[in-house]
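upload-v5.cif (mmCIF, C-alpha atoms)
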data_input
#
loop_
_atom_site.label_atom_id
_atom_site.label_comp_id
_atom_site.auth_asym_id
_atom_site.auth_seq_id
_atom_site.Cartn_x
_atom_site.Cartn_y
_atom_site.Cartn_z
CA MET P 1 0.00 0.00 0.00
CA ILE P 2 2.66 2.51 1.07
CA GLU P 3 4.81 1.31 -1.85
CA ASP P 4 2.04 2.03 -4.34
CA PHE P 5 1.57 5.49 -2.87
CA ALA P 6 5.32 6.21 -3.12
CA GLN P 7 5.37 5.02 -6.75
CA ILE P 8 2.41 7.20 -7.71
CA MET P 9 3.98 10.25 -6.06
CA VAL P 10 7.38 9.66 -7.73
CA LEU P 11 5.77 9.17 -11.15
CA LEU P 12 3.68 12.35 -10.79
CA ILE P 13 6.77 14.40 -9.89
CA ILE P 14 8.66 12.81 -12.82
CA ILE P 15 5.92 13.91 -15.24
CA SER P 16 5.76 17.44 -13.82
CA THR P 17 9.55 17.92 -13.92
CA ALA P 18 9.65 16.62 -17.51
CA TYR P 19 6.94 19.15 -18.43
CA LEU P 20 8.91 21.92 -16.69
CA ALA P 21 12.05 20.95 -18.64
CA ILE P 22 10.15 21.56 -21.89
CA LYS P 23 8.38 24.75 -20.85
CA LEU P 24 11.10 26.72 -19.01
CA LYS P 25 12.71 29.54 -21.01
CA ASP P 26 15.72 29.59 -18.66
CA LEU P 27 17.80 26.72 -20.06
CA LEU P 28 19.82 26.24 -16.85
CA GLY P 29 16.58 25.77 -14.94
CA ALA P 30 15.39 23.30 -17.57
CA VAL P 31 18.61 21.28 -17.19
CA ILE P 32 18.27 21.19 -13.38
CA SER P 33 14.64 20.07 -13.80
CA LEU P 34 15.78 17.32 -16.16
CA SER P 35 18.40 16.15 -13.66
CA ILE P 36 15.75 16.01 -10.91
CA MET P 37 13.69 13.88 -13.28
CA SER P 38 16.63 11.49 -13.78
CA LEU P 39 17.26 11.28 -10.04
CA LEU P 40 13.60 10.42 -9.37
CA LEU P 41 13.67 7.92 -12.24
CA SER P 42 16.60 6.16 -10.57
CA LEU P 43 14.60 6.15 -7.31
CA GLU P 44 11.74 4.53 -9.24
CA PHE P 45 14.14 1.88 -10.61
CA TYR P 46 15.26 1.22 -7.04
CA ILE P 47 11.66 0.81 -5.87
CA LEU P 48 11.16 -1.69 -8.72
CA GLN P 49 14.17 -3.68 -7.36
CA ALA P 50 16.64 -2.92 -10.17
CA PRO P 51 19.59 -1.36 -8.28
CA ASP P 52 22.04 -1.89 -11.18
CA VAL P 53 19.94 0.23 -13.51
CA ALA P 54 19.34 2.73 -10.71
CA ILE P 55 23.09 3.32 -10.28
CA ALA P 56 23.57 3.71 -14.04
CA GLU P 57 20.68 6.17 -14.27
CA ALA P 58 21.90 8.22 -11.29
CA GLY P 59 25.48 8.35 -12.57
CA ILE P 60 24.81 9.01 -16.24
CA GLY P 61 21.40 10.68 -16.24
CA ALA P 62 21.67 12.89 -13.19
CA GLY P 63 25.43 13.44 -13.13
CA LEU P 64 27.09 13.35 -16.53
CA THR P 65 24.23 14.57 -18.73
CA THR P 66 23.72 17.59 -16.48
CA ALA P 67 27.44 18.40 -16.63
CA ILE P 68 27.53 18.20 -20.42
CA TYR P 69 24.40 20.36 -20.79
CA VAL P 70 25.87 22.95 -18.40
CA LEU P 71 29.06 22.97 -20.48
CA ALA P 72 26.99 23.53 -23.64
CA ILE P 73 25.02 26.38 -22.02
CA ARG P 74 28.23 28.09 -20.87
CA GLY P 75 29.44 27.90 -24.46
CA THR P 76 26.24 29.48 -25.86
CA LYS P 77 23.39 31.46 -24.29
CA ARG P 78 21.42 30.90 -21.11
CA MET P 79 18.00 32.11 -22.27
CA GLU P 80 15.91 30.47 -24.95
CA GLU P 81 14.81 32.80 -27.72
CA GLY P 82 11.38 33.01 -29.32
CA MET Y 1 -2.29 23.40 -38.58
CA ASN Y 2 0.98 22.54 -36.91
CA LYS Y 3 -0.70 22.40 -33.52
CA LYS Y 4 -3.38 20.05 -34.85
CA ILE Y 5 -0.74 17.61 -36.13
CA GLY Y 6 1.06 17.80 -32.79
CA PHE Y 7 -2.12 17.10 -30.87
CA LEU Y 8 -2.95 14.18 -33.19
CA ALA Y 9 0.52 12.66 -32.71
CA PHE Y 10 0.20 13.11 -28.95
CA ALA Y 11 -3.22 11.41 -28.92
CA VAL Y 12 -2.01 8.44 -31.00
CA VAL Y 13 1.06 7.89 -28.82
CA PHE Y 14 -1.00 8.30 -25.64
CA VAL Y 15 -3.61 5.77 -26.73
CA PHE Y 16 -0.87 3.33 -27.76
CA LEU Y 17 0.93 3.67 -24.42
CA PHE Y 18 -2.33 3.43 -22.47
CA LEU Y 19 -3.42 0.25 -24.28
CA SER Y 20 0.01 -1.38 -23.91
CA ALA Y 21 -0.04 -0.52 -20.21
CA MET Y 22 -3.49 -2.12 -19.93
CA TYR Y 23 -2.32 -5.38 -21.50
CA MET Y 24 1.07 -5.58 -19.76
CA HIS Y 25 1.59 -8.76 -17.83
CA PRO Y 26 1.85 -8.33 -14.04
CA PHE Y 27 5.09 -7.09 -12.48
CA GLY Y 28 7.52 -9.83 -11.44
CA GLU Y 29 5.83 -12.70 -13.32
CA PRO Y 30 7.56 -13.34 -16.66
CA ASN Y 31 5.86 -15.42 -19.32
CA GLU Y 32 8.80 -17.74 -20.02
CA LYS Y 33 10.60 -18.73 -16.84
CA ASP Y 34 13.08 -21.38 -18.01
CA MET Y 35 16.06 -19.12 -18.74
CA ASP Y 36 15.43 -16.94 -15.67
CA ASN Y 37 15.32 -19.98 -13.44
CA HIS Y 38 18.54 -21.32 -14.98
CA PHE Y 39 20.37 -18.05 -14.25
CA ILE Y 40 19.01 -17.83 -10.71
CA GLU Y 41 19.77 -21.45 -9.83
CA LYS Y 42 23.06 -22.07 -11.64
CA GLY Y 43 24.51 -18.56 -11.98
CA GLN Y 44 26.43 -18.49 -8.71
CA ASN Y 45 27.85 -21.97 -9.30
CA ASP Y 46 28.83 -21.41 -12.94
CA THR Y 47 30.58 -18.06 -12.62
CA GLY Y 48 31.32 -17.63 -8.91
CA ALA Y 49 29.83 -14.12 -8.91
CA ASN Y 50 27.27 -13.29 -6.24
CA ASN Y 51 25.63 -10.60 -8.35
CA ILE Y 52 23.64 -12.49 -10.96
CA VAL Y 53 23.11 -9.38 -13.11
CA THR Y 54 26.87 -8.95 -13.50
CA SER Y 55 27.33 -12.64 -14.25
CA VAL Y 56 24.78 -12.30 -17.06
CA VAL Y 57 26.29 -9.07 -18.38
CA PHE Y 58 29.93 -10.18 -18.40
CA ASP Y 59 29.69 -13.95 -18.76
CA TYR Y 60 26.52 -15.35 -20.32
CA ARG Y 61 25.86 -12.34 -22.54
CA GLY Y 62 29.37 -11.00 -22.96
CA TYR Y 63 28.79 -10.19 -26.64
CA ASP Y 64 26.29 -7.46 -25.71
CA THR Y 65 28.76 -5.82 -23.36
CA LEU Y 66 31.44 -5.97 -26.04
CA GLY Y 67 29.01 -4.17 -28.36
CA GLU Y 68 28.30 -1.50 -25.76
CA ALA Y 69 31.99 -0.92 -25.11
CA THR Y 70 32.64 -0.61 -28.86
CA VAL Y 71 29.73 1.83 -29.26
CA LEU Y 72 31.18 4.02 -26.51
CA PHE Y 73 34.63 3.88 -28.13
CA THR Y 74 33.18 4.91 -31.49
CA ALA Y 75 31.20 7.74 -29.88
CA VAL Y 76 34.32 9.11 -28.19
CA THR Y 77 36.22 8.94 -31.48
CA GLY Y 78 33.41 10.83 -33.21
CA VAL Y 79 33.34 13.56 -30.55
CA ALA Y 80 37.12 13.92 -30.74
CA VAL Y 81 37.06 14.30 -34.53
CA ALA Y 82 34.11 16.73 -34.50
CA PHE Y 83 35.50 18.97 -31.78
CA SER Y 84 39.00 19.00 -33.22
CA MET Y 85 37.58 20.59 -36.38
CA ALA Y 86 35.60 23.29 -34.55
CA TYR Y 87 36.21 26.79 -35.91
CA GLY Y 88 36.22 30.34 -34.57
CA LYS Y 89 38.04 32.05 -31.75
CA LYS Y 90 38.37 30.49 -28.33
CA LYS Y 91 35.95 31.58 -25.63
CA GLU Y 92 37.40 32.28 -22.21
CA MET Y 93 35.64 30.37 -19.47
CA LYS Y 94 35.76 31.77 -15.97
CA GLU Y 95 36.06 29.47 -13.00
CA MET Y 96 33.04 29.22 -10.73
CA SER Y 97 32.48 30.88 -7.35
CA LYS Y 98 34.48 30.10 -4.22
CA ILE Y 99 31.59 28.13 -2.68
CA VAL Y 100 31.48 25.73 -5.63
CA ARG Y 101 35.27 25.33 -5.65
CA THR Y 102 35.44 24.58 -1.91
CA VAL Y 103 32.68 21.98 -2.12
CA THR Y 104 34.41 20.43 -5.14
CA ASN Y 105 37.71 20.24 -3.24
CA ILE Y 106 36.01 18.34 -0.43
CA LEU Y 107 33.84 16.07 -2.56
CA TYR Y 108 35.77 15.00 -5.65
CA SER Y 109 38.14 12.52 -3.98
CA PHE Y 110 35.25 10.77 -2.25
CA ILE Y 111 33.30 10.51 -5.52
CA ILE Y 112 36.34 8.97 -7.25
CA ILE Y 113 36.85 6.46 -4.42
CA PHE Y 114 33.15 5.55 -4.50
CA GLY Y 115 33.34 5.00 -8.26
CA PHE Y 116 36.32 2.69 -7.91
CA TYR Y 117 34.46 0.86 -5.12
CA ILE Y 118 31.55 0.26 -7.50
CA ILE Y 119 33.97 -1.04 -10.17
CA MET Y 120 35.84 -3.36 -7.79
CA HIS Y 121 32.70 -4.80 -6.18
CA GLY Y 122 30.83 -5.23 -9.44
CA HIS Y 123 30.58 -9.00 -9.02
CA LEU Y 124 29.27 -8.71 -5.43
CA THR Y 125 27.01 -5.65 -5.20
CA PRO Y 126 24.90 -3.73 -7.73
CA GLY Y 127 27.04 -1.87 -10.21
CA GLY Y 128 30.00 -2.73 -12.38
CA GLY Y 129 32.39 -1.27 -14.89
CA PHE Y 130 29.96 0.99 -16.73
CA GLN Y 131 28.28 2.45 -13.65
CA GLY Y 132 31.49 2.95 -11.66
CA GLY Y 133 33.26 4.47 -14.66
CA ALA Y 134 30.40 6.93 -15.10
CA VAL Y 135 30.60 7.91 -11.41
CA VAL Y 136 34.37 8.54 -11.64
CA ALA Y 137 33.88 10.53 -14.84
CA SER Y 138 31.23 12.67 -13.11
CA ALA Y 139 33.91 13.63 -10.56
CA PHE Y 140 36.11 14.71 -13.49
CA ALA Y 141 33.19 16.73 -14.87
CA LEU Y 142 32.77 18.43 -11.48
CA LEU Y 143 36.47 19.36 -11.49
CA VAL Y 144 36.40 20.64 -15.06
CA ILE Y 145 33.26 22.75 -14.56
CA SER Y 146 34.19 24.34 -11.24
CA TYR Y 147 37.79 25.15 -12.23
CA SER Y 148 38.73 26.61 -15.56
CA ALA Y 149 40.27 24.33 -18.16
CA LEU Y 150 43.64 26.03 -18.01
CA LYS Y 151 44.17 25.17 -14.36
CA ILE Y 152 43.01 21.59 -14.79
CA LYS Y 153 45.21 20.91 -17.80
CA GLY Y 154 48.15 19.78 -15.67
CA ILE Y 155 46.15 17.03 -13.95
CA LEU Y 156 43.76 15.74 -16.62
CA LYS Y 157 45.51 15.25 -19.95
CA LYS Y 158 43.88 14.11 -23.18
CA GLU Y 159 46.88 11.98 -24.16
CA ASN Y 160 46.77 9.93 -20.93
CA PHE Y 161 43.02 9.47 -21.25
CA SER Y 162 43.17 8.25 -24.84
CA VAL Y 163 45.93 5.76 -23.99
CA SER Y 164 44.04 4.36 -21.00
CA GLU Y 165 40.79 4.19 -22.99
CA CYS Y 166 42.40 2.12 -25.74
CA SER Y 167 44.20 -0.14 -23.27
CA GLY Y 168 40.97 -0.71 -21.30
CA LEU Y 169 39.07 -1.84 -24.39
CA PHE Y 170 42.04 -3.91 -25.53
CA ALA Y 171 42.28 -5.64 -22.12
CA PHE Y 172 38.56 -6.42 -22.24
CA ILE Y 173 38.77 -8.02 -25.69
CA ALA Y 174 41.98 -9.87 -24.75
CA LEU Y 175 40.31 -11.32 -21.64
CA ALA Y 176 37.43 -12.46 -23.82
CA PHE Y 177 39.85 -14.11 -26.27
CA LEU Y 178 41.85 -15.87 -23.53
CA GLY Y 179 39.00 -18.31 -23.01
CA ILE Y 180 38.68 -19.10 -26.71
CA SER Y 181 39.87 -22.68 -26.28
CA THR Y 182 36.34 -23.38 -24.98
CA ALA Y 183 34.32 -20.40 -26.21
CA PHE Y 184 34.55 -16.66 -26.71
CA PHE Y 185 33.85 -15.00 -23.32
CA TYR Y 186 34.39 -18.30 -21.49
CA ASN Y 187 35.06 -17.79 -17.77
CA PHE Y 188 38.35 -19.75 -17.68
CA LEU Y 189 39.40 -18.54 -14.21
CA ALA Y 190 36.33 -19.77 -12.29
CA GLY Y 191 37.31 -22.69 -10.09
CA GLY Y 192 41.03 -21.98 -10.43
CA THR Y 193 43.46 -20.38 -8.00
CA VAL Y 194 43.25 -16.71 -9.07
CA PHE Y 195 39.82 -15.15 -8.43
CA GLY Y 196 38.53 -18.70 -8.65
CA ASN Y 197 36.71 -19.32 -5.36
CA ILE Y 198 33.12 -20.35 -5.92
CA PRO Y 199 30.91 -19.32 -3.01
CA ALA Y 200 28.08 -21.58 -1.92
CA GLY Y 201 24.66 -20.43 -0.83
CA ILE Y 202 23.92 -17.14 0.88
CA ASN Y 203 27.12 -15.33 1.89
CA PRO Y 204 28.19 -11.70 2.38
CA GLY Y 205 30.57 -11.92 -0.57
CA ASP Y 206 34.31 -12.24 -1.08
CA LEU Y 207 36.45 -10.18 -3.44
CA ASN Y 208 38.37 -13.31 -4.50
CA THR Y 209 35.49 -14.74 -6.55
CA GLY Y 210 33.98 -14.43 -9.98
CA GLY Y 211 36.76 -15.65 -12.29
CA VAL Y 212 37.39 -13.16 -15.10
CA ILE Y 213 34.39 -11.00 -14.16
CA PRO Y 214 36.26 -8.63 -11.76
CA LEU Y 215 39.12 -8.27 -14.27
CA MET Y 216 36.63 -7.45 -17.05
CA ASN Y 217 34.91 -4.98 -14.70
CA ILE Y 218 38.20 -3.18 -14.13
CA ALA Y 219 39.00 -3.12 -17.86
CA VAL Y 220 35.55 -1.79 -18.81
CA GLY Y 221 35.65 0.69 -15.91
CA VAL Y 222 38.98 2.13 -17.08
CA GLU Y 223 37.64 2.37 -20.62
CA VAL Y 224 34.40 4.11 -19.59
CA LEU Y 225 35.95 6.59 -17.16
CA SER Y 226 38.65 7.68 -19.57
CA GLY Y 227 36.27 7.71 -22.55
CA ILE Y 228 33.70 9.94 -20.87
CA GLY Y 229 36.46 12.06 -19.33
CA LEU Y 230 37.84 12.51 -22.85
CA ILE Y 231 34.42 13.65 -24.12
CA ILE Y 232 34.16 16.21 -21.30
CA LEU Y 233 37.69 17.52 -21.87
CA TYR Y 234 37.13 17.85 -25.63
CA MET Y 235 33.82 19.64 -25.15
CA PHE Y 236 35.38 22.01 -22.64
CA THR Y 237 38.73 22.91 -24.15
CA TYR Y 238 37.46 23.09 -27.74
CA GLY Y 239 34.26 24.91 -26.81
CA LYS Y 240 34.77 27.74 -29.27
CA GLU Y 241 32.54 30.59 -30.32
CA ALA Y 242 31.15 30.69 -33.83
CA LYS Y 243 32.64 33.29 -36.19
CA GLU Y 244 30.98 36.69 -36.04
#

Produce structure tokens that represent the structure in this file.
Amino acid sequence: MIEDFAQIMVLLIIISTAYLAIKLKDLLGAVISLSIMSLLLSLEFYILQAPDVAIAEAGIGAGLTTAIYVLAIRGTKRMEEG
Amino acid sequence: MNKKIGFLAFAVVFVFLFLSAMYMHPFGEPNEKDMDNHFIEKGQNDTGANNIVTSVVFDYRGYDTLGEATVLFTAVTGVAVAFSMAYGKKKEMKEMSKIVRTVTNILYSFIIIFGFYIIMHGHLTPGGGFQGGAVVASAFALLVISYSALKIKGILKKENFSVSECSGLFAFIALAFLGISTAFFYNFLAGGTVFGNIPAGINPGDLNTGGVIPLMNIAVGVEVLSGIGLIILYMFTYGKEAKE
């Protein structure tokens, strides 16, 4: 019961952060929102008893992808145009 | 018009996902259980690794891991070629604030040690070469972002990274070929004297098990950490501005 509730909450936050990542005009904020989504996705993998995938998702999705996006934003502009 | 097409595509994908979620079989009850049961019952005895996922990834299905490692190698090569040909003048990147640099100084060594722990214990606990390598590379990314590239150049060098990446992949393929007298990716060390102990039943785990699996974990870990570190270094030091 409590597990189902936790899963529903995590999935709802995942959907809302993914929506934020699309809608935000501030690209740095969008990247942070995307990394929160990856972190919660790895939590969801852990709840579903797949710790191997959870570690991969936390390391690559939340850590490395964020770093590479931040590098790209520092090379270009922070605000989305149009 | 464009919005209508977008809404139609969204509706089609949503209906498809909804229907496939309706007809999904229940969680934790696979349709065909023979292969799963074989791995769960015989996996520990065959390979000596306590972590059955790692024994599948590096022993039973070693070909897939070889493919993944090759894909990563190709991707790194592509990034290196693309960013070497970037044009325009170089953009100066400032280092980040003192708060970020202090936190980085405290944290980065612990992140690297944790990554190597994941690599070394890949055959006992969740994780392995790919995951641990990614964790170590994220420590490199933290260093590169919080300090400027010029200061970091003395520690993290592209030449060292490319050498260690190639040697990691080469060691992985060589370990796979060493068991070729029986089969490609045969675990020839299991049951022997080096890394050969085969644990029985439920046990907390021993580093001296798993046959070639820990060696392959180390090789893949070295390849992944230096490959991703190479990508980060190339993207940072060749991050040039377009011509005005």

Starting from chain Y, keep only residues with some atom at most 7 Å from an atom of chain P, counting all atoms listed in the file, and report them as a ChimeraX atom specification.
-> /Y:126-127,131,134-135,138,141,232,236,239

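Of the listed residues (Y:Leu230, Y:Ala176, Y:Ile152, Y:Ile119), Y:Ile119 comes nearest to Asn217 of chain Y; the distances count all atoms listed in the file.
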
Between atom CA of Gly128 of chain Y and atom CA of Ser146 of chain Y - distance in Å to one decimal | 27.4 Å

Please evaluate the PyMOL selection byres ((chain Y and resi 70-77) around 8) against the displayed coordinates and give the resulting residues as a list in words.
-> Leu66, Gly67, Glu68, Ala69, Gly78, Val79, Ala80, Val81, Leu169, Val224, Gly227, Ile228, Leu230 and Ile231 of chain Y

Those residues with C-alpha atoms, as an mmCIF file, in the coordinates of the input please?
data_model
loop_
_atom_site.group_PDB
_atom_site.id
_atom_site.type_symbol
_atom_site.label_atom_id
_atom_site.label_comp_id
_atom_site.auth_asym_id
_atom_site.auth_seq_id
_atom_site.Cartn_x
_atom_site.Cartn_y
_atom_site.Cartn_z
ATOM 1 C CA LEU Y 66 31.440 -5.970 -26.040
ATOM 2 C CA GLY Y 67 29.010 -4.170 -28.360
ATOM 3 C CA GLU Y 68 28.300 -1.500 -25.760
ATOM 4 C CA ALA Y 69 31.990 -0.920 -25.110
ATOM 5 C CA GLY Y 78 33.410 10.830 -33.210
ATOM 6 C CA VAL Y 79 33.340 13.560 -30.550
ATOM 7 C CA ALA Y 80 37.120 13.920 -30.740
ATOM 8 C CA VAL Y 81 37.060 14.300 -34.530
ATOM 9 C CA LEU Y 169 39.070 -1.840 -24.390
ATOM 10 C CA VAL Y 224 34.400 4.110 -19.590
ATOM 11 C CA GLY Y 227 36.270 7.710 -22.550
ATOM 12 C CA ILE Y 228 33.700 9.940 -20.870
ATOM 13 C CA LEU Y 230 37.840 12.510 -22.850
ATOM 14 C CA ILE Y 231 34.420 13.650 -24.120
#

Give me the result of the PyMOL selection byres ((chain Y and resi 157-166) around 8) on this file, residue by residue, as a PyMOL selection string.
-> chain Y and resi 153-156+167-170+222-227+229-230+233

Apply the PyMOL selection byres ((chain Y and resi 35-46) around 12) to the displayed file and report the matching residues as a ChimeraX atom specification.
-> /Y:28-34,47-61,123-124,186-191,196-203,205,209-211,213

Create the file for the chosen residues now, containing C-alpha atoms and written as an mmCIF file, keeping the file's coordinate frame.
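Just written: result.cif:
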data_model
loop_
_atom_site.group_PDB
_atom_site.id
_atom_site.type_symbol
_atom_site.label_atom_id
_atom_site.label_comp_id
_atom_site.auth_asym_id
_atom_site.auth_seq_id
_atom_site.Cartn_x
_atom_site.Cartn_y
_atom_site.Cartn_z
ATOM 1 C CA GLY Y 28 7.520 -9.830 -11.440
ATOM 2 C CA GLU Y 29 5.830 -12.700 -13.320
ATOM 3 C CA PRO Y 30 7.560 -13.340 -16.660
ATOM 4 C CA ASN Y 31 5.860 -15.420 -19.320
ATOM 5 C CA GLU Y 32 8.800 -17.740 -20.020
ATOM 6 C CA LYS Y 33 10.600 -18.730 -16.840
ATOM 7 C CA ASP Y 34 13.080 -21.380 -18.010
ATOM 8 C CA THR Y 47 30.580 -18.060 -12.620
ATOM 9 C CA GLY Y 48 31.320 -17.630 -8.910
ATOM 10 C CA ALA Y 49 29.830 -14.120 -8.910
ATOM 11 C CA ASN Y 50 27.270 -13.290 -6.240
ATOM 12 C CA ASN Y 51 25.630 -10.600 -8.350
ATOM 13 C CA ILE Y 52 23.640 -12.490 -10.960
ATOM 14 C CA VAL Y 53 23.110 -9.380 -13.110
ATOM 15 C CA THR Y 54 26.870 -8.950 -13.500
ATOM 16 C CA SER Y 55 27.330 -12.640 -14.250
ATOM 17 C CA VAL Y 56 24.780 -12.300 -17.060
ATOM 18 C CA VAL Y 57 26.290 -9.070 -18.380
ATOM 19 C CA PHE Y 58 29.930 -10.180 -18.400
ATOM 20 C CA ASP Y 59 29.690 -13.950 -18.760
ATOM 21 C CA TYR Y 60 26.520 -15.350 -20.320
ATOM 22 C CA ARG Y 61 25.860 -12.340 -22.540
ATOM 23 C CA HIS Y 123 30.580 -9.000 -9.020
ATOM 24 C CA LEU Y 124 29.270 -8.710 -5.430
ATOM 25 C CA TYR Y 186 34.390 -18.300 -21.490
ATOM 26 C CA ASN Y 187 35.060 -17.790 -17.770
ATOM 27 C CA PHE Y 188 38.350 -19.750 -17.680
ATOM 28 C CA LEU Y 189 39.400 -18.540 -14.210
ATOM 29 C CA ALA Y 190 36.330 -19.770 -12.290
ATOM 30 C CA GLY Y 191 37.310 -22.690 -10.090
ATOM 31 C CA GLY Y 196 38.530 -18.700 -8.650
ATOM 32 C CA ASN Y 197 36.710 -19.320 -5.360
ATOM 33 C CA ILE Y 198 33.120 -20.350 -5.920
ATOM 34 C CA PRO Y 199 30.910 -19.320 -3.010
ATOM 35 C CA ALA Y 200 28.080 -21.580 -1.920
ATOM 36 C CA GLY Y 201 24.660 -20.430 -0.830
ATOM 37 C CA ILE Y 202 23.920 -17.140 0.880
ATOM 38 C CA ASN Y 203 27.120 -15.330 1.890
ATOM 39 C CA GLY Y 205 30.570 -11.920 -0.570
ATOM 40 C CA THR Y 209 35.490 -14.740 -6.550
ATOM 41 C CA GLY Y 210 33.980 -14.430 -9.980
ATOM 42 C CA GLY Y 211 36.760 -15.650 -12.290
ATOM 43 C CA ILE Y 213 34.390 -11.000 -14.160
#
